[in-house]
Each structure stands twice: as structure tokens, then as C-alpha cells.
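Shown next: my_file31.csv, given as CSV, C-alpha atoms.
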```csv
chain,number,residue,atom,x,y,z
Y,110,MET,CA,-1.8,-15.6,-2.7
Y,111,GLU,CA,0.6,-12.9,-1.4
Y,112,ALA,CA,-0.9,-9.5,-0.7
Y,113,THR,CA,0.5,-6.8,-2.9
Y,114,SER,CA,-1.2,-3.7,-1.3
Y,115,THR,CA,0.9,-1.4,0.9
Y,116,PRO,CA,-0.1,-1.1,4.5
Y,117,ARG,CA,-2.2,1.9,5.4
Y,118,ARG,CA,-0.2,4.7,7.1
Y,119,GLU,CA,-1.3,5.9,10.5
Y,120,ARG,CA,-2.8,9.4,10.1
Y,121,ILE,CA,-1.2,12.4,11.7
Y,122,CYS,CA,-4.3,13.6,13.5
Y,123,LEU,CA,-2.7,17.0,14.4
Y,124,PHE,CA,-2.9,18.0,10.7
Y,125,ASP,CA,-6.6,17.0,10.5
Y,126,THR,CA,-7.3,18.9,13.7
Y,127,LEU,CA,-5.6,22.1,12.4
Y,128,ARG,CA,-7.4,21.7,9.1
Y,129,GLY,CA,-10.8,21.2,10.8
Y,130,PHE,CA,-10.3,24.3,13.0
Y,131,THR,CA,-9.3,26.3,10.0
Y,132,ILE,CA,-12.2,25.2,7.7
Y,133,ILE,CA,-14.7,26.1,10.5
Y,134,SER,CA,-13.0,29.5,10.7
Y,135,MET,CA,-13.3,29.9,6.9
Y,136,VAL,CA,-17.1,29.0,7.0
Y,137,LEU,CA,-17.6,31.7,9.7
Y,138,PHE,CA,-15.6,34.2,7.7
Y,139,HIS,CA,-17.6,33.6,4.5
Y,140,ALA,CA,-20.9,33.7,6.5
Y,141,ALA,CA,-19.9,37.1,7.8
Y,142,TYR,CA,-18.9,38.2,4.3
Y,143,ASP,CA,-22.1,37.0,2.7
Y,144,ALA,CA,-24.3,38.5,5.5
Y,145,THR,CA,-22.5,41.9,5.2
Y,146,TYR,CA,-21.9,42.3,1.4
Y,147,LEU,CA,-24.5,40.2,-0.2
Y,148,PHE,CA,-27.5,40.4,2.1
Y,149,GLY,CA,-27.1,43.8,3.7
Y,150,PHE,CA,-26.8,42.7,7.4
Y,151,ASP,CA,-25.0,45.4,9.5
Y,152,ILE,CA,-21.9,43.9,11.0
Y,153,PRO,CA,-19.8,47.0,11.8
Y,154,TRP,CA,-16.6,45.2,13.0
Y,155,PHE,CA,-16.4,43.2,9.8
Y,156,TYR,CA,-16.0,46.4,7.7
Y,157,ASP,CA,-12.6,46.9,9.3
Y,158,PRO,CA,-10.1,46.0,6.5
Y,159,VAL,CA,-7.3,45.1,9.1
Y,160,ALA,CA,-9.6,42.7,11.0
Y,161,GLN,CA,-10.7,41.2,7.7
Y,162,ASN,CA,-7.2,40.7,6.4
Y,163,ILE,CA,-5.9,39.2,9.6
Y,164,TRP,CA,-8.8,36.7,9.7
Y,165,ARG,CA,-8.4,35.9,6.0
Y,166,CYS,CA,-4.7,35.3,6.3
Y,167,SER,CA,-5.1,33.1,9.4
Y,168,ILE,CA,-7.2,30.8,7.2
Y,169,SER,CA,-5.5,30.8,3.8
Y,170,TRP,CA,-1.9,30.8,5.0
Y,171,VAL,CA,-2.6,27.7,7.2
Y,172,PHE,CA,-4.2,25.9,4.3
Y,173,LEU,CA,-1.3,26.7,2.0
Y,174,LEU,CA,1.4,25.7,4.6
Y,175,LEU,CA,-0.5,22.5,5.4
Y,176,ALA,CA,-0.9,21.7,1.7
Y,177,GLY,CA,2.8,22.2,1.1
Y,178,TRP,CA,3.6,20.0,4.1
Y,179,MET,CA,1.4,17.2,2.7
Y,180,THR,CA,3.7,16.8,-0.4
Y,181,GLN,CA,6.0,14.8,1.9
Y,182,LEU,CA,3.1,12.5,3.1
Y,183,SER,CA,1.4,12.0,-0.2
Y,184,ARG,CA,1.9,8.9,-2.3
Y,185,ASN,CA,1.0,10.7,-5.5
Y,186,ASN,CA,1.4,14.5,-5.8
Y,187,LEU,CA,0.3,14.5,-9.4
Y,188,LYS,CA,-3.0,12.9,-8.3
Y,189,ARG,CA,-3.3,15.6,-5.6
Y,190,ALA,CA,-2.7,18.3,-8.2
Y,191,GLY,CA,-5.5,16.8,-10.4
Y,192,ILE,CA,-8.0,16.7,-7.5
Y,193,TYR,CA,-7.2,20.3,-6.5
Y,194,GLY,CA,-7.5,21.4,-10.1
Y,195,ALA,CA,-10.8,19.7,-10.7
Y,196,ALA,CA,-12.1,21.3,-7.5
Y,197,ALA,CA,-10.8,24.7,-8.6
Y,198,LEU,CA,-12.6,24.3,-12.0
Y,199,ALA,CA,-15.8,23.3,-10.2
Y,200,VAL,CA,-15.6,26.5,-8.1
Y,201,PHE,CA,-15.0,28.6,-11.2
Y,202,LEU,CA,-17.9,27.2,-13.1
Y,203,ALA,CA,-20.3,27.3,-10.1
Y,204,THR,CA,-19.5,30.9,-9.2
Y,205,SER,CA,-19.7,32.0,-12.9
Y,206,ILE,CA,-23.1,30.3,-13.4
Y,207,ALA,CA,-24.6,31.4,-10.1
Y,208,ASN,CA,-23.5,35.0,-10.7
Y,209,VAL,CA,-24.1,36.0,-7.0
Y,210,ASP,CA,-20.7,37.6,-6.6
Y,211,ILE,CA,-17.6,38.0,-8.7
Y,212,PRO,CA,-16.6,34.6,-10.1
Y,213,VAL,CA,-13.5,32.9,-8.6
Y,214,SER,CA,-10.9,32.6,-11.3
Y,215,PHE,CA,-7.6,31.9,-9.5
Y,216,GLY,CA,-8.5,31.1,-6.0
Y,217,ILE,CA,-6.8,29.1,-3.3
Y,218,LEU,CA,-7.7,25.7,-4.8
Y,219,PHE,CA,-6.0,26.9,-8.0
Y,220,CYS,CA,-2.9,27.8,-6.1
Y,221,MET,CA,-2.8,24.5,-4.3
Y,222,ALA,CA,-3.2,22.7,-7.7
Y,223,ALA,CA,-0.6,24.7,-9.5
Y,224,SER,CA,1.9,24.5,-6.6
Y,225,THR,CA,1.4,20.8,-6.2
Y,226,LEU,CA,2.0,20.3,-9.9
Y,227,VAL,CA,5.1,22.4,-9.8
Y,228,TYR,CA,6.5,20.4,-6.9
Y,229,ALA,CA,5.5,17.0,-8.5
Y,230,LEU,CA,7.4,18.0,-11.7
Y,231,ALA,CA,10.3,19.8,-10.1
Y,232,SER,CA,10.9,17.7,-7.0
Y,233,PRO,CA,14.2,16.2,-8.3
Y,234,ILE,CA,15.6,19.7,-8.3
Y,235,LEU,CA,13.7,21.2,-5.3
Y,236,ASP,CA,14.7,18.2,-3.1
Y,237,ARG,CA,18.4,19.0,-3.5
Y,238,VAL,CA,18.1,22.2,-1.6
Y,239,HIS,CA,18.8,21.9,2.1
Y,240,PRO,CA,15.4,22.3,3.8
Y,241,ALA,CA,16.5,25.0,6.2
Y,242,LEU,CA,17.8,27.1,3.3
Y,243,GLY,CA,14.6,26.2,1.3
Y,244,VAL,CA,12.3,27.5,4.1
Y,245,GLY,CA,14.3,30.8,4.3
Y,246,ILE,CA,14.4,31.3,0.5
Y,247,ALA,CA,10.6,30.5,0.2
Y,248,LEU,CA,9.6,32.9,3.0
Y,249,ALA,CA,11.9,35.6,1.6
Y,250,LEU,CA,10.4,35.3,-1.8
Y,251,PHE,CA,6.9,35.3,-0.3
Y,252,ALA,CA,7.7,38.6,1.5
Y,253,LEU,CA,9.3,40.2,-1.6
Y,254,THR,CA,6.4,39.4,-3.9
Y,255,TYR,CA,3.6,39.8,-1.4
Y,256,MET,CA,2.4,43.1,-2.8
Y,257,LEU,CA,2.8,42.1,-6.5
Y,258,PRO,CA,-0.8,41.1,-7.1
Y,259,GLU,CA,-2.1,44.2,-5.3
Y,260,GLN,CA,-1.2,46.3,-8.4
Y,261,ARG,CA,-2.6,46.3,-11.9
Y,262,TYR,CA,-0.5,45.9,-15.0
Y,263,ASP,CA,-1.0,46.7,-18.7
Y,264,ILE,CA,-0.6,43.0,-19.6
Y,265,GLU,CA,-3.1,40.2,-20.1
Y,266,GLY,CA,-3.0,36.5,-19.3
Y,267,LEU,CA,-0.6,36.5,-16.3
Y,268,ALA,CA,-3.1,36.9,-13.5
Y,269,TRP,CA,-2.5,33.2,-12.6
Y,270,LEU,CA,1.1,34.1,-11.9
Y,271,GLY,CA,0.4,37.2,-9.8
Y,272,ILE,CA,0.4,39.9,-12.5
Y,273,PRO,CA,-3.2,40.9,-12.9
Y,274,SER,CA,-4.3,43.1,-15.7
Y,275,THR,CA,-6.4,46.3,-15.3
Y,276,THR,CA,-9.5,44.3,-16.4
Y,277,PHE,CA,-8.9,41.3,-14.1
Y,278,ALA,CA,-11.3,40.6,-11.2
Y,279,SER,CA,-11.8,37.5,-9.0
Y,280,GLY,CA,-13.9,36.8,-5.9
Y,281,ASP,CA,-10.9,34.9,-4.4
Y,282,TYR,CA,-7.4,35.5,-5.6
Y,283,TYR,CA,-4.3,33.4,-4.7
Y,284,PRO,CA,-1.9,33.5,-7.6
Y,285,LEU,CA,1.4,31.6,-7.7
Y,286,MET,CA,3.3,34.7,-6.7
Y,287,PRO,CA,3.4,35.2,-3.7
Y,288,TYR,CA,1.3,32.3,-2.4
Y,289,GLY,CA,3.2,29.4,-4.2
Y,290,PHE,CA,6.2,30.4,-2.1
Y,291,LEU,CA,4.2,30.0,1.1
Y,292,TYR,CA,3.2,26.5,-0.2
Y,293,MET,CA,6.9,25.7,-0.8
Y,294,ALA,CA,7.8,26.9,2.7
Y,295,GLY,CA,5.4,24.3,4.1
Y,296,MET,CA,7.0,21.7,1.9
Y,297,TYR,CA,10.5,22.6,3.1
Y,298,ALA,CA,9.3,22.8,6.7
Y,299,ALA,CA,8.1,19.2,6.4
Y,300,ARG,CA,11.5,18.1,5.0
Y,301,LEU,CA,13.3,20.0,7.8
Y,302,PHE,CA,11.1,18.2,10.4
Y,303,ALA,CA,11.9,14.8,8.8
Y,304,ARG,CA,15.6,15.6,8.8
Y,305,TYR,CA,15.7,16.3,12.6
Y,306,SER,CA,13.0,13.8,13.6
Y,307,PRO,CA,14.4,10.5,12.3
Y,308,GLU,CA,12.0,8.5,14.4
Y,309,GLY,CA,9.0,10.1,12.6
Y,310,TYR,CA,6.0,11.9,14.0
Y,311,PRO,CA,5.7,11.6,17.8
Y,312,ALA,CA,2.7,10.1,19.5
Y,313,TRP,CA,1.3,13.4,20.6
Y,314,MET,CA,1.0,14.5,16.9
Y,315,ARG,CA,-0.6,11.2,15.9
Y,316,ARG,CA,-3.1,11.2,18.9
Y,317,ASP,CA,-6.6,12.4,18.1
Y,318,TRP,CA,-7.0,15.1,20.7
Y,319,ALA,CA,-10.2,16.6,19.2
Y,320,PRO,CA,-12.2,14.0,17.3
Y,321,VAL,CA,-14.8,16.4,16.1
Y,322,LEU,CA,-12.3,18.8,14.6
Y,323,SER,CA,-10.2,16.0,13.1
Y,324,SER,CA,-13.4,14.6,11.5
Y,325,VAL,CA,-14.2,18.0,10.0
Y,326,GLY,CA,-10.6,18.3,8.8
Y,327,ARG,CA,-10.8,15.0,6.9
Y,328,ALA,CA,-13.8,16.3,5.1
Y,329,SER,CA,-12.3,19.8,4.5
Y,330,LEU,CA,-12.4,19.7,0.6
Y,331,VAL,CA,-16.1,18.6,0.6
Y,332,ILE,CA,-17.0,21.3,3.1
Y,333,TYR,CA,-15.1,23.9,1.1
Y,334,LEU,CA,-17.0,23.0,-2.1
Y,335,ALA,CA,-20.4,22.8,-0.3
Y,336,HIS,CA,-20.4,25.6,2.3
Y,337,GLN,CA,-21.0,28.7,0.1
Y,338,PRO,CA,-24.1,27.3,-1.7
Y,339,LEU,CA,-25.5,26.3,1.6
Y,340,LEU,CA,-24.8,29.7,3.2
Y,341,ILE,CA,-26.4,31.5,0.3
Y,342,CYS,CA,-29.5,29.3,0.6
Y,343,LEU,CA,-29.6,29.9,4.4
Y,344,PHE,CA,-29.4,33.7,4.1
Y,345,MET,CA,-32.0,33.7,1.3
Y,346,LEU,CA,-34.3,31.7,3.6
Y,347,ILE,CA,-33.6,34.1,6.5
Y,348,THR,CA,-34.2,37.2,4.5
Y,349,SER,CA,-37.3,35.9,2.8
Y,350,THR,CA,-39.0,35.1,6.1
Y,351,ALA,CA,-37.8,38.3,7.9
```
Encoded form using C-alpha cells:
Amino acid sequence: MEATSTPRRERICLFDTLRGFTIISMVLFHAAYDATYLFGFDIPWFYDPVAQNIWRCSISWVFLLLAGWMTQLSRNNLKRAGIYGAAALAVFLATSIANVDIPVSFGILFCMAASTLVYALASPILDRVHPALGVGIALALFALTYMLPEQRYDIEGLAWLGIPSTTFASGDYYPLMPYGFLYMAGMYAARLFARYSPEGYPAWMRRDWAPVLSSVGRASLVIYLAHQPLLICLFMLITSTA
């Protein structure tokens, strides 16, 4: 009988390594946040809003750019959108039930799910744009709308888009504007790379330079979903025995 399955693609280990490094950074960031704001540990440098914002952006922006890039490597972006959406729903339910901090309504997983869905549905149109122009437009729109969700508006039901109402609150907030544009910049960057690298990904990008980090990167979604409950339990154990 003739085999009908498609051959497995060789992984681009560089992306796993970047994802692994970033997920470790995220766990450390949330550990510092939990220790400071939920359990009363004194970490003076973490109170600096500039340091916090730079650290936060170094995590979330990398995740969004990588997720956008993956649209060009995925066999099924609708399936990816569904996985991200299910994970986002799980985070919303867990943070609402636990009630330890503000529930996460439209966090980064929501942004990845919504952006992936937009690309999957609109790719026939989006793919017509020259990738260099696409990167420029996406980054320009990201910059132009960056401060949009920092304000509050007298309108309900558009927080997912980037127009939060005066009553909206979320423990993690990454609406489509501006962050969907960062995702699309990653998508167009991947298309630009493919255009000027007809031979595909070079060996140095496929080589597994840091096996531990790449292994962590391959489990990034599971780690994302599990790390906060584990951190909360760890800090509860520490404070109960102190």
C-alpha cells in the first residue's frame, strides 16, 4: 500500500530556542510580579514602571512576532487559532474561578487566536501585499495605535479590539489594536525572508544550538498554562512556612 502521509518537516530549532528563552523570562517576570504584588515581598527594582514595561515588552513582543512568523510554517492556521482560543478560554476561566488577581479577559493568547483567525480567513488578500510593504505598514499601524488601549472610552463591548470601556479591567491585556499589527509584522517578515531566501532556512537556523532551551520552547504553551498555578502554590508554601 502506498503511503499517503506527508513527510515530517525538519524543525527550525532557532525558533524553539527563542521561544524557550522567552518563556523562561516570562516565568521569572510573573514570579517577580506575584512575589511583589500578591505576597508582599519587597523587590524595590521591580516597582520601576520603566523596567517592568521593558521586561514585559521583551517577552510579549517576541511571542507575537514568532506567532505571526509561524503562519508561514503552519499546515493549518485555523487549527492553530482554535488551540490558542481554547487556551485563552482556559486562562480566563481559571483566573476568574481562582480570583487571586484580576481575571484575564483579552490576554496574549486571545490576541494570538484572533490574529491567527484573521490571517487564516484573510490570507488571500493579505498575501497579495508585497512583504516589505506589509512589514512597514504593520509596524506603522502598531506605532500609531500603540496608546489606543491606554485610554478609557464611554463605549462597551470593544475591549477586544483595543477600545476598553471605563469599567473594563484585565490582568493581562493584548487587544487586536495594536498587537495584532505586531503579529502581522511577524507574518510579513517571514514572507520577506522566504522571498529572499529561496533555498529555505540555512543550516545554522535548523541546528539545535541549545537543546535545553529548544526543549522548553517546544513545551511553551503547556508551560504558559501551568506556570502561574505552580508559582502561586510555591509562594503560598513559602509564606506559610516563613
Nearby residues (all atoms listed in the file) at most 12 Å from stretch 232-246 of chain Y, same-chain spacing under 5 positions excluded, as an MDAnalysis selection string: chainID Y and resid 174 177:178 180:181 186:187 224:227 251:253 290:305
For the residues in the current selection, export C-alpha atoms as a PDB file, in the coordinates of the input.
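Result file is part13.pdb:
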```
ATOM      1  CA  LEU Y 174       1.400  25.700   4.600  1.00  0.00           C
ATOM      2  CA  GLY Y 177       2.800  22.200   1.100  1.00  0.00           C
ATOM      3  CA  TRP Y 178       3.600  20.000   4.100  1.00  0.00           C
ATOM      4  CA  THR Y 180       3.700  16.800  -0.400  1.00  0.00           C
ATOM      5  CA  GLN Y 181       6.000  14.800   1.900  1.00  0.00           C
ATOM      6  CA  ASN Y 186       1.400  14.500  -5.800  1.00  0.00           C
ATOM      7  CA  LEU Y 187       0.300  14.500  -9.400  1.00  0.00           C
ATOM      8  CA  SER Y 224       1.900  24.500  -6.600  1.00  0.00           C
ATOM      9  CA  THR Y 225       1.400  20.800  -6.200  1.00  0.00           C
ATOM     10  CA  LEU Y 226       2.000  20.300  -9.900  1.00  0.00           C
ATOM     11  CA  VAL Y 227       5.100  22.400  -9.800  1.00  0.00           C
ATOM     12  CA  PHE Y 251       6.900  35.300  -0.300  1.00  0.00           C
ATOM     13  CA  ALA Y 252       7.700  38.600   1.500  1.00  0.00           C
ATOM     14  CA  LEU Y 253       9.300  40.200  -1.600  1.00  0.00           C
ATOM     15  CA  PHE Y 290       6.200  30.400  -2.100  1.00  0.00           C
ATOM     16  CA  LEU Y 291       4.200  30.000   1.100  1.00  0.00           C
ATOM     17  CA  TYR Y 292       3.200  26.500  -0.200  1.00  0.00           C
ATOM     18  CA  MET Y 293       6.900  25.700  -0.800  1.00  0.00           C
ATOM     19  CA  ALA Y 294       7.800  26.900   2.700  1.00  0.00           C
ATOM     20  CA  GLY Y 295       5.400  24.300   4.100  1.00  0.00           C
ATOM     21  CA  MET Y 296       7.000  21.700   1.900  1.00  0.00           C
ATOM     22  CA  TYR Y 297      10.500  22.600   3.100  1.00  0.00           C
ATOM     23  CA  ALA Y 298       9.300  22.800   6.700  1.00  0.00           C
ATOM     24  CA  ALA Y 299       8.100  19.200   6.400  1.00  0.00           C
ATOM     25  CA  ARG Y 300      11.500  18.100   5.000  1.00  0.00           C
ATOM     26  CA  LEU Y 301      13.300  20.000   7.800  1.00  0.00           C
ATOM     27  CA  PHE Y 302      11.100  18.200  10.400  1.00  0.00           C
ATOM     28  CA  ALA Y 303      11.900  14.800   8.800  1.00  0.00           C
ATOM     29  CA  ARG Y 304      15.600  15.600   8.800  1.00  0.00           C
ATOM     30  CA  TYR Y 305      15.700  16.300  12.600  1.00  0.00           C
TER      31      TYR Y 305
END
```
Please provide the set of residues having any atom within 12 Å of stretch 138-146 of chain Y, restricted to only C-alpha atoms, with same-chain residues fewer than 4 positions apart removed, written as a PDB file with C-alpha atoms, keeping the file's coordinate frame.
```
ATOM      1  CA  THR Y 131      -9.300  26.300  10.000  1.00  0.00           C
ATOM      2  CA  ILE Y 132     -12.200  25.200   7.700  1.00  0.00           C
ATOM      3  CA  ILE Y 133     -14.700  26.100  10.500  1.00  0.00           C
ATOM      4  CA  SER Y 134     -13.000  29.500  10.700  1.00  0.00           C
ATOM      5  CA  PHE Y 150     -26.800  42.700   7.400  1.00  0.00           C
ATOM      6  CA  ASP Y 151     -25.000  45.400   9.500  1.00  0.00           C
ATOM      7  CA  ILE Y 152     -21.900  43.900  11.000  1.00  0.00           C
ATOM      8  CA  PRO Y 153     -19.800  47.000  11.800  1.00  0.00           C
ATOM      9  CA  TRP Y 154     -16.600  45.200  13.000  1.00  0.00           C
ATOM     10  CA  PHE Y 155     -16.400  43.200   9.800  1.00  0.00           C
ATOM     11  CA  TYR Y 156     -16.000  46.400   7.700  1.00  0.00           C
ATOM     12  CA  ASP Y 157     -12.600  46.900   9.300  1.00  0.00           C
ATOM     13  CA  PRO Y 158     -10.100  46.000   6.500  1.00  0.00           C
ATOM     14  CA  ALA Y 160      -9.600  42.700  11.000  1.00  0.00           C
ATOM     15  CA  GLN Y 161     -10.700  41.200   7.700  1.00  0.00           C
ATOM     16  CA  ASN Y 162      -7.200  40.700   6.400  1.00  0.00           C
ATOM     17  CA  ILE Y 163      -5.900  39.200   9.600  1.00  0.00           C
ATOM     18  CA  TRP Y 164      -8.800  36.700   9.700  1.00  0.00           C
ATOM     19  CA  ARG Y 165      -8.400  35.900   6.000  1.00  0.00           C
ATOM     20  CA  CYS Y 166      -4.700  35.300   6.300  1.00  0.00           C
ATOM     21  CA  SER Y 167      -5.100  33.100   9.400  1.00  0.00           C
ATOM     22  CA  ILE Y 168      -7.200  30.800   7.200  1.00  0.00           C
ATOM     23  CA  SER Y 169      -5.500  30.800   3.800  1.00  0.00           C
ATOM     24  CA  VAL Y 209     -24.100  36.000  -7.000  1.00  0.00           C
ATOM     25  CA  ASP Y 210     -20.700  37.600  -6.600  1.00  0.00           C
ATOM     26  CA  ILE Y 211     -17.600  38.000  -8.700  1.00  0.00           C
ATOM     27  CA  GLY Y 280     -13.900  36.800  -5.900  1.00  0.00           C
ATOM     28  CA  ASP Y 281     -10.900  34.900  -4.400  1.00  0.00           C
ATOM     29  CA  TYR Y 333     -15.100  23.900   1.100  1.00  0.00           C
ATOM     30  CA  HIS Y 336     -20.400  25.600   2.300  1.00  0.00           C
ATOM     31  CA  GLN Y 337     -21.000  28.700   0.100  1.00  0.00           C
ATOM     32  CA  PRO Y 338     -24.100  27.300  -1.700  1.00  0.00           C
ATOM     33  CA  LEU Y 339     -25.500  26.300   1.600  1.00  0.00           C
ATOM     34  CA  LEU Y 340     -24.800  29.700   3.200  1.00  0.00           C
ATOM     35  CA  ILE Y 341     -26.400  31.500   0.300  1.00  0.00           C
ATOM     36  CA  CYS Y 342     -29.500  29.300   0.600  1.00  0.00           C
ATOM     37  CA  LEU Y 343     -29.600  29.900   4.400  1.00  0.00           C
ATOM     38  CA  PHE Y 344     -29.400  33.700   4.100  1.00  0.00           C
ATOM     39  CA  MET Y 345     -32.000  33.700   1.300  1.00  0.00           C
ATOM     40  CA  ILE Y 347     -33.600  34.100   6.500  1.00  0.00           C
ATOM     41  CA  THR Y 348     -34.200  37.200   4.500  1.00  0.00           C
TER      42      THR Y 348
END
```
What separation in Å, quoted to one decimal, exists between atom CA of Y:Tyr288 and atom CA of Y:Ile264?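 A separation of 20.3 Å between them.
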Point-to-point distance from atom CA of Y:Gly266 to atom CA of Y:Val171, Å rounded to tenths: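 We find that atom CA of Y:Gly266 and atom CA of Y:Val171 lie 27.9 Å from each other.
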Could you jot down the atom CA of Y:Thr254 to atom CA of Y:Leu270 separation for me, Å, one decimal place?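 Between these atoms lies a distance of 11.0 Å.
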Looking at Y:Ala196, Y:Ile217, Y:Leu137, Y:Ala203, which one is nearest to Y:Tyr282, with distances taken over only C-alpha atoms?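 With only C-alpha atoms as the atom set, the closest residue is Y:Ile217.
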Enumerate, as a ChimeraX atom specification, the protein, DNA and RNA residues whose atoms approach (-13.4, 19.7, -0.2) to within 12 Å, taking into account all atoms listed in the file and the coordinate frame of the file. /Y:128-129,132,172,192-197,199-200,217-218,325-337
Near stretch 306-318 of chain Y, counting only C-alpha atoms, which residues have an atom at most 10 Å away, once you skip same-chain residues fewer than 2 positions from it, shown as a ChimeraX atom specification? /Y:119-126,300-304,320-324
Measuring atom to atom with only C-alpha atoms, identify which of Y:Ala222, Y:Val159, Y:Leu147, Y:Met135 is nearest to Y:Ala176.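 Nearest to Y:Ala176: Y:Ala222.
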Find the residue from Y:Ala278, Y:Met221, Y:Ile206, Y:Ala229 that sits nearest to Y:Arg184; use only C-alpha atoms when measuring.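 Looking at the shortest contact to Y:Arg184, the residue is Y:Ala229.
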